[in-house]
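Novice: Here you go, one structure.
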There are 2 protein chains.
Amino acid sequence: MMTTDTIKNISKSPVTGKVYEIPGTLYDKEGIDTFIAMHPGKKVVVVQGLGFVGSVMGLVVANALTEEYAVIGIDLPTPNSYWKICSINEGIFPVIASDPKIDQYYQNVLKKKNYYATYDAYAFSKADVVVVDVNLDVKKQSSDKKDLEGYSVDLSPFKKAIEEIGTNCKEDVLVLVETTVPPGTSKKIVRPILEECLTKRGLPVDKIKVGHSYERVMPGPKYIDSIQNFYRVFAGTDEKSSEAVEIFLRTVIRTDEYPLTRLGNTNATEMAKVLENSFRAMNIAFMVEWSRFAEEAGVDIYEVVNAIRMRPTHKNIMLPGLGVGGYCLTKDPLLASWARMNLFGSEEKLGQSEKGVHINDKMPLYAFEYLQSQYKGSLEGKKILLLGVSYLNDVGDTRYTPVEGFYDQLEIEGCEIVLHDPHVKYWEEKDVWIKQDLDELLKESYDFIVITTGHKEYRNNESLINKLLNLPVTFVYDTIGVLTNEEIKRLAAKHIVKVIGRGDL
Amino acid sequence: MMTTDTIKNISKSPVTGKVYEIPGTLYDKEGIDTFIAMHPGKKVVVVQGLGFVGSVMGLVVANALTEEYAVIGIDLPTPNSYWKICSINEGIFPVIASDPKIDQYYQNVLKKKNYYATYDAYAFSKADVVVVDVNLDVKKQSSDKKDLEGYSVDLSPFKKAIEEIGTNCKEDVLVLVETTVPPGTSKKIVRPILEECLTKRGLPVDKIKVGHSYERVMPGPKYIDSIQNFYRVFAGTDEKSSEAVEIFLRTVIRTDEYPLTRLGNTNATEMAKVLENSFRAMNIAFMVEWSRFAEEAGVDIYEVVNAIRMRPTHKNIMLPGLGVGGYCLTKDPLLASWARMNLFGSEEKLGQSEKGVHINDKMPLYAFEYLQSQYKGSLEGKKILLLGVSYLNDVGDTRYTPVEGFYDQLEIEGCEIVLHDPHVKYWEEKDVWIKQDLDELLKESYDFIVITTGHKEYRNNESLINKLLNLPVTFVYDTIGVLTNEEIKRLAAKHIVKVIGRGDL
């Protein structure tokens, strides 16, 4: 990771490989004024945070359905983010995604020149609407890899981001929080900070509008649709705010097909988001002990789950896997539990939901231990090919990928690890560049080949199976259940094949 | 409950009120032979157990789609079951249900005279197929109402039932287990017992067929359809058994519309059933702590859940309620966990799934404590009307109803309890007859009126709301979320209204 002193002042784009020097003075008033002057009469929307959500949300707002906006993306001039600002202003979109609409929308934006990026908080002074898409992270204690239950929530970076808005914004701006926040945040934290800033500036506090609405972004083949063509839940901190949020969302989201749902207050919308994700995380955690039981009982858990899914009320029962990743399911239950105790003074945490996260966090370790128990010998010096580093199939997103925990264990054992992922060029968290050409990689031999992400490139791929059959005897380990029974039988004729949850197969 | 010596030898029908004396000698050879002689050439199907599943399964088999069967229902001559045998032979079906198909099917059976009932195991000697629908219960320790975590599984009644078959059956009978059993039971318990019995009788053991297939019965308005028009999962203990089960099910179930799913072995089908129900139980348990958090945060959990349900992957997220009842969700996770440790020698239980049951078991107690905390004063001598005793809306089934735990607490406090349920005439577990006429009951006044089951009679019922408004000031407590916001507002103008999970409303 780029943390050493020598590279503190540079920011490298994983999309192009280009390196940018971070400027010493952070002043972009002319840039912002020039951009706005190009769009007279248009409302200005500032999107705060140019991550997986914000950068694409900016793109969607710049392609709004019933209004022409001038959009400014703003982020911090850090090594991790500065390149995104430069990239947007150079006409290269900072996100690689399989969704063809991304390029289509971006080409449209380049024509209209209505999406600018900056690091200067001066932008907030021009905003009619600020959409908050900054991160709000949970810090998990991970010094002891086997103790995964401690965590802390530090709101200060988020509060600082809100202060930046309050210090610069117009008195009647709409601040729409989209970040997944602990329930209670808009009412108890965002609005008070903004009011305090306005008061300090001698401005009235009764004109500002603060609301919350959460996206349900899936950074994959339907990236844009997951923002624009999907149900939205929203609320305001007062009636005026609710109305302003609704008016704004109607210009951006296809609300005719996906009606908006307005809830009674922002506590409710904030809770809805983390409850959704906790439900999902818990559904995964629930299956962990059952897939182990299935192994003990010689049962193929995949055929059992597929039989159960015939029942309409049970369609979303999950399958086993390597673990849970991504930015939401790994932390949202903890945000909620933290809020219950810290913002609402409850003496009880959300114990079950926290437990679900802890169970999921241990899955990569279990997958590793399963490998050890099946292989028996030492793993030191063994050459291992991991197929997939993304946390989700068909997506290039490595945030909190469970492959990391598995990879770390292999590193500790002294394995030689080779990585493949068709959707990830650069693994930011590990500062590793990933191989893309699987055919090339399969010309070499390995002690282990482990399927760690369920990308479609690994599914029903006749040529892949044939290449594997041409390799010397290998331990093929499918942690995801990508291989079919037929493929397992073919491979098992030559190799040792193990699949988590497949029982006697 | 009918446990005193004086009533040991009688069995009373809750359907008709008629009392039957249990005979001293249990001999019905002539009855069985006469019945079979009436149906020459027909295959004989014996359904063991005449409970909520068996009695209706017998009805469905007697109305099979592509074959004419002679059906014999068999149960024990106990106070709880003997009346069912008499009732069937007198032409009165022993189950009250809102499904009109029940009567239609039964009228057809009365015409064809092809459904007989008995207590004499001699029936098994005539069977081509035995369908096992006996209960297999989990005993929960309940002496201390607050310690709900201990439980035990006693297989002896189930084993005895299987021995009855083995001692009498033909050597090539098909024994189809439908009872929800601990995974492993068909292979490790049923088949060995049957083989042992056959060996003792000097018969070969290689002709018998043993399989498992579970029903998904819902005793409500779609009672028959839930057996006949629904997906079935099945497996046999060997290839021959699997085929025999499939042939039999195809004659009974509408498999053209609801294809059968054959799994690799009976461990898998047995696991599928308890996994299904554990998933459901856990989904309910998951919401318990969230609805409390919602109350703390002034959030209406109903509007939050309805917003989340817009998302296709989250449609089955549950709402809060009084608790979980019925024969399946309250015990199946425990059966599974027991099997993991006792039939497959695992050192680990299914901890999360067990936890789900315990959380759900505590819900009625929580609902009671919530009432106490809201009312503050003593409940002694207060007159309370409970609306609903069934465990599920629109169904007359009181097995393990959560209303029982709530009722018990009110009794301990010395309340005067009045019960209403349009679907339950007689509450077997409490030996109480239930009032059916709500209008009559609402002519009296009460200190508390508590909605304990979500029957449609209590929903959107303008006349009910008006009658409540005519009563003196009452504490109206909705544990299920039956009342709409509009109704709550109207009632709150006069009464004190509390709804679990509705936050500030």
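Each chain in the structure tokens gets a letter, A, B, ..., in the order shown, and its residues are numbered from 1; ligands are numbered from 1 in order too.
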At a cut-off of 10 Å, using only C-alpha atoms, what residues contact Val19 of chain A? Leave out same-chain residues fewer than 6 positions from it and give the result as number ranges by chain.
Specialist: A: 10-13, 79, 83
Novice: Dump as a ChimeraX atom specification the residues of chain B that approach chain A to within 7 Å, counting only C-alpha atoms.
Specialist: /B:233,261,263,267-268,272,276,286,289,293,296-297,299,303-304,307-308,313,316,340,344,350,352
Novice: Run DSSP on the backbone and tell me which residues of segment 145-265 of chain B come out as helix (DSSP H, G or I); list them as a PyMOL selection string.
Specialist: chain B and resi 156-168+185-200+223-228+239-252
Novice: What would the file look like if the residues just selected were written as a short mmCIF file (atom, residue, chain, number, x, y, z; two decimals), in the first residue's frame with N, CA and C atoms?
Specialist:
data_model
loop_
_atom_site.label_atom_id
_atom_site.label_comp_id
_atom_site.auth_asym_id
_atom_site.auth_seq_id
_atom_site.Cartn_x
_atom_site.Cartn_y
_atom_site.Cartn_z
N SER B 156 -37.80 -42.88 21.15
CA SER B 156 -38.44 -44.18 21.39
C SER B 156 -39.87 -44.31 20.85
N PRO B 157 -40.76 -43.30 20.98
CA PRO B 157 -42.09 -43.50 20.38
C PRO B 157 -42.02 -43.69 18.87
N PHE B 158 -41.10 -42.94 18.24
CA PHE B 158 -40.95 -43.08 16.79
C PHE B 158 -40.43 -44.47 16.44
N LYS B 159 -39.42 -44.92 17.17
CA LYS B 159 -38.85 -46.25 16.91
C LYS B 159 -39.91 -47.32 17.11
N LYS B 160 -40.74 -47.15 18.13
CA LYS B 160 -41.80 -48.13 18.41
C LYS B 160 -42.78 -48.19 17.25
N ALA B 161 -43.08 -47.02 16.69
CA ALA B 161 -44.00 -46.98 15.55
C ALA B 161 -43.41 -47.74 14.36
N ILE B 162 -42.11 -47.58 14.15
CA ILE B 162 -41.46 -48.28 13.03
C ILE B 162 -41.43 -49.79 13.30
N GLU B 163 -41.19 -50.17 14.57
CA GLU B 163 -41.22 -51.59 14.93
C GLU B 163 -42.58 -52.23 14.65
N GLU B 164 -43.64 -51.48 14.92
CA GLU B 164 -45.00 -51.96 14.63
C GLU B 164 -45.13 -52.33 13.15
N ILE B 165 -44.53 -51.49 12.30
CA ILE B 165 -44.55 -51.79 10.87
C ILE B 165 -43.76 -53.05 10.59
N GLY B 166 -42.51 -53.06 11.10
CA GLY B 166 -41.60 -54.18 10.81
C GLY B 166 -42.13 -55.52 11.29
N THR B 167 -42.87 -55.50 12.37
CA THR B 167 -43.39 -56.74 12.97
C THR B 167 -44.54 -57.31 12.14
N ASN B 168 -45.16 -56.45 11.32
CA ASN B 168 -46.36 -56.89 10.62
C ASN B 168 -46.29 -56.84 9.10
N THR B 185 -32.04 -40.30 9.94
CA THR B 185 -32.97 -41.24 10.54
C THR B 185 -33.36 -42.40 9.61
N SER B 186 -33.68 -42.12 8.37
CA SER B 186 -34.14 -43.20 7.48
C SER B 186 -33.07 -44.27 7.32
N LYS B 187 -31.84 -43.80 7.10
CA LYS B 187 -30.72 -44.72 6.89
C LYS B 187 -30.27 -45.41 8.18
N LYS B 188 -30.14 -44.62 9.25
CA LYS B 188 -29.49 -45.12 10.45
C LYS B 188 -30.48 -45.72 11.45
N ILE B 189 -31.77 -45.40 11.32
CA ILE B 189 -32.73 -45.87 12.32
C ILE B 189 -33.86 -46.68 11.67
N VAL B 190 -34.56 -46.08 10.70
CA VAL B 190 -35.74 -46.74 10.17
C VAL B 190 -35.38 -48.05 9.45
N ARG B 191 -34.47 -47.96 8.52
CA ARG B 191 -34.13 -49.15 7.74
C ARG B 191 -33.55 -50.26 8.63
N PRO B 192 -32.59 -49.96 9.53
CA PRO B 192 -32.08 -51.02 10.42
C PRO B 192 -33.18 -51.67 11.27
N ILE B 193 -34.12 -50.88 11.81
CA ILE B 193 -35.19 -51.48 12.63
C ILE B 193 -36.03 -52.43 11.77
N LEU B 194 -36.40 -51.96 10.57
CA LEU B 194 -37.23 -52.79 9.70
C LEU B 194 -36.51 -54.08 9.33
N GLU B 195 -35.23 -53.97 9.02
CA GLU B 195 -34.46 -55.16 8.64
C GLU B 195 -34.34 -56.13 9.81
N GLU B 196 -34.16 -55.59 11.00
CA GLU B 196 -34.06 -56.44 12.18
C GLU B 196 -35.37 -57.20 12.41
N CYS B 197 -36.49 -56.48 12.26
CA CYS B 197 -37.80 -57.12 12.45
C CYS B 197 -38.02 -58.23 11.41
N LEU B 198 -37.68 -57.93 10.16
CA LEU B 198 -37.87 -58.92 9.10
C LEU B 198 -37.01 -60.16 9.38
N THR B 199 -35.76 -59.92 9.79
CA THR B 199 -34.86 -61.03 10.08
C THR B 199 -35.43 -61.90 11.19
N LYS B 200 -35.93 -61.26 12.23
CA LYS B 200 -36.54 -62.00 13.34
C LYS B 200 -37.70 -62.87 12.85
N TYR B 223 -55.07 -26.09 2.35
CA TYR B 223 -54.61 -27.30 3.05
C TYR B 223 -54.30 -28.42 2.05
N ILE B 224 -55.29 -28.78 1.23
CA ILE B 224 -55.12 -29.88 0.27
C ILE B 224 -54.03 -29.54 -0.75
N ASP B 225 -54.10 -28.33 -1.28
CA ASP B 225 -53.10 -27.93 -2.28
C ASP B 225 -51.69 -27.98 -1.71
N SER B 226 -51.55 -27.68 -0.44
CA SER B 226 -50.20 -27.66 0.14
C SER B 226 -49.60 -29.07 0.17
N ILE B 227 -50.45 -30.09 0.04
CA ILE B 227 -49.94 -31.46 -0.10
C ILE B 227 -49.88 -31.87 -1.57
N GLN B 228 -50.98 -31.64 -2.27
CA GLN B 228 -51.10 -32.23 -3.60
C GLN B 228 -50.52 -31.37 -4.72
N GLU B 239 -31.50 -47.52 -4.64
CA GLU B 239 -32.05 -47.17 -5.95
C GLU B 239 -33.50 -47.68 -6.10
N LYS B 240 -33.71 -48.93 -5.68
CA LYS B 240 -35.03 -49.56 -5.74
C LYS B 240 -36.06 -48.74 -4.94
N SER B 241 -35.64 -48.29 -3.79
CA SER B 241 -36.54 -47.50 -2.94
C SER B 241 -36.86 -46.16 -3.59
N SER B 242 -35.85 -45.51 -4.14
CA SER B 242 -36.06 -44.22 -4.79
C SER B 242 -37.09 -44.34 -5.89
N GLU B 243 -36.95 -45.41 -6.68
CA GLU B 243 -37.89 -45.60 -7.79
C GLU B 243 -39.31 -45.83 -7.28
N ALA B 244 -39.43 -46.65 -6.24
CA ALA B 244 -40.76 -46.94 -5.69
C ALA B 244 -41.41 -45.67 -5.13
N VAL B 245 -40.62 -44.83 -4.46
CA VAL B 245 -41.17 -43.59 -3.92
C VAL B 245 -41.64 -42.71 -5.06
N GLU B 246 -40.83 -42.61 -6.09
CA GLU B 246 -41.18 -41.75 -7.21
C GLU B 246 -42.48 -42.21 -7.87
N ILE B 247 -42.60 -43.52 -8.09
CA ILE B 247 -43.82 -44.05 -8.72
C ILE B 247 -45.03 -43.74 -7.86
N PHE B 248 -44.91 -43.95 -6.56
CA PHE B 248 -46.04 -43.67 -5.66
C PHE B 248 -46.41 -42.18 -5.68
N LEU B 249 -45.41 -41.31 -5.53
CA LEU B 249 -45.71 -39.87 -5.46
C LEU B 249 -46.35 -39.39 -6.76
N ARG B 250 -45.93 -39.95 -7.89
CA ARG B 250 -46.50 -39.52 -9.16
C ARG B 250 -48.01 -39.83 -9.26
N THR B 251 -48.45 -40.84 -8.53
CA THR B 251 -49.89 -41.17 -8.58
C THR B 251 -50.70 -40.21 -7.70
N VAL B 252 -50.03 -39.52 -6.77
CA VAL B 252 -50.74 -38.75 -5.75
C VAL B 252 -50.56 -37.24 -5.93
#
Novice: Could you pull out the strand (DSSP E or B) residues of segment 27-270 of chain A from DSSP and send them as number ranges by chain?
Specialist: A: 43-48, 69-74, 115-118, 129-132, 138-140, 151-153, 174-177, 209-214, 233-236, 261-262
Novice: Hey, can you check how far atom CA of Glu429 of chain B sits from atom CA of Gly326 of chain B?
Specialist: 12.5 Å
Novice: Tell me, as JSON, numbers by chain, which residues lie within 9 Å of Thr453 of chain A, counting only C-alpha atoms; anything in the same chain fewer than 5 positions away does not count.
Specialist: {"A": [321, 322, 386, 387, 388, 389, 390, 391, 392, 393, 394, 403, 421, 458, 479, 480, 482]}
Novice: Which distance in Å separates atom CA of Pro320 of chain A and atom CA of Val476 of chain A, to one decimal?
Specialist: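 Atom CA of Val476 of chain A lies 17.2 Å from atom CA of Pro320 of chain A.
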Novice: In Å, rounded to a single decimal, give me how far atom CA of Pro422 of chain B is from atom CA of Lys494 of chain B.
Specialist: 26.5 Å
Novice: Write out as a ChimeraX atom specification each polymer residue whose atoms come within 12 Å of segment 465-471 of chain A, counting only C-alpha atoms; drop sequence neighbours fewer than 5 positions from it.
Specialist: /A:385,438-450,457-460,476,482-484,486-497
Novice: Can you list, as a PyMOL selection string, every protein, DNA or RNA residue that comes within 10 Å of Tyr106 of chain B when you count only C-alpha atoms, leaving out same-chain residues fewer than 6 positions away?
Specialist: chain B and resi 56+59-60+62-63+88+91-93+112-113+115
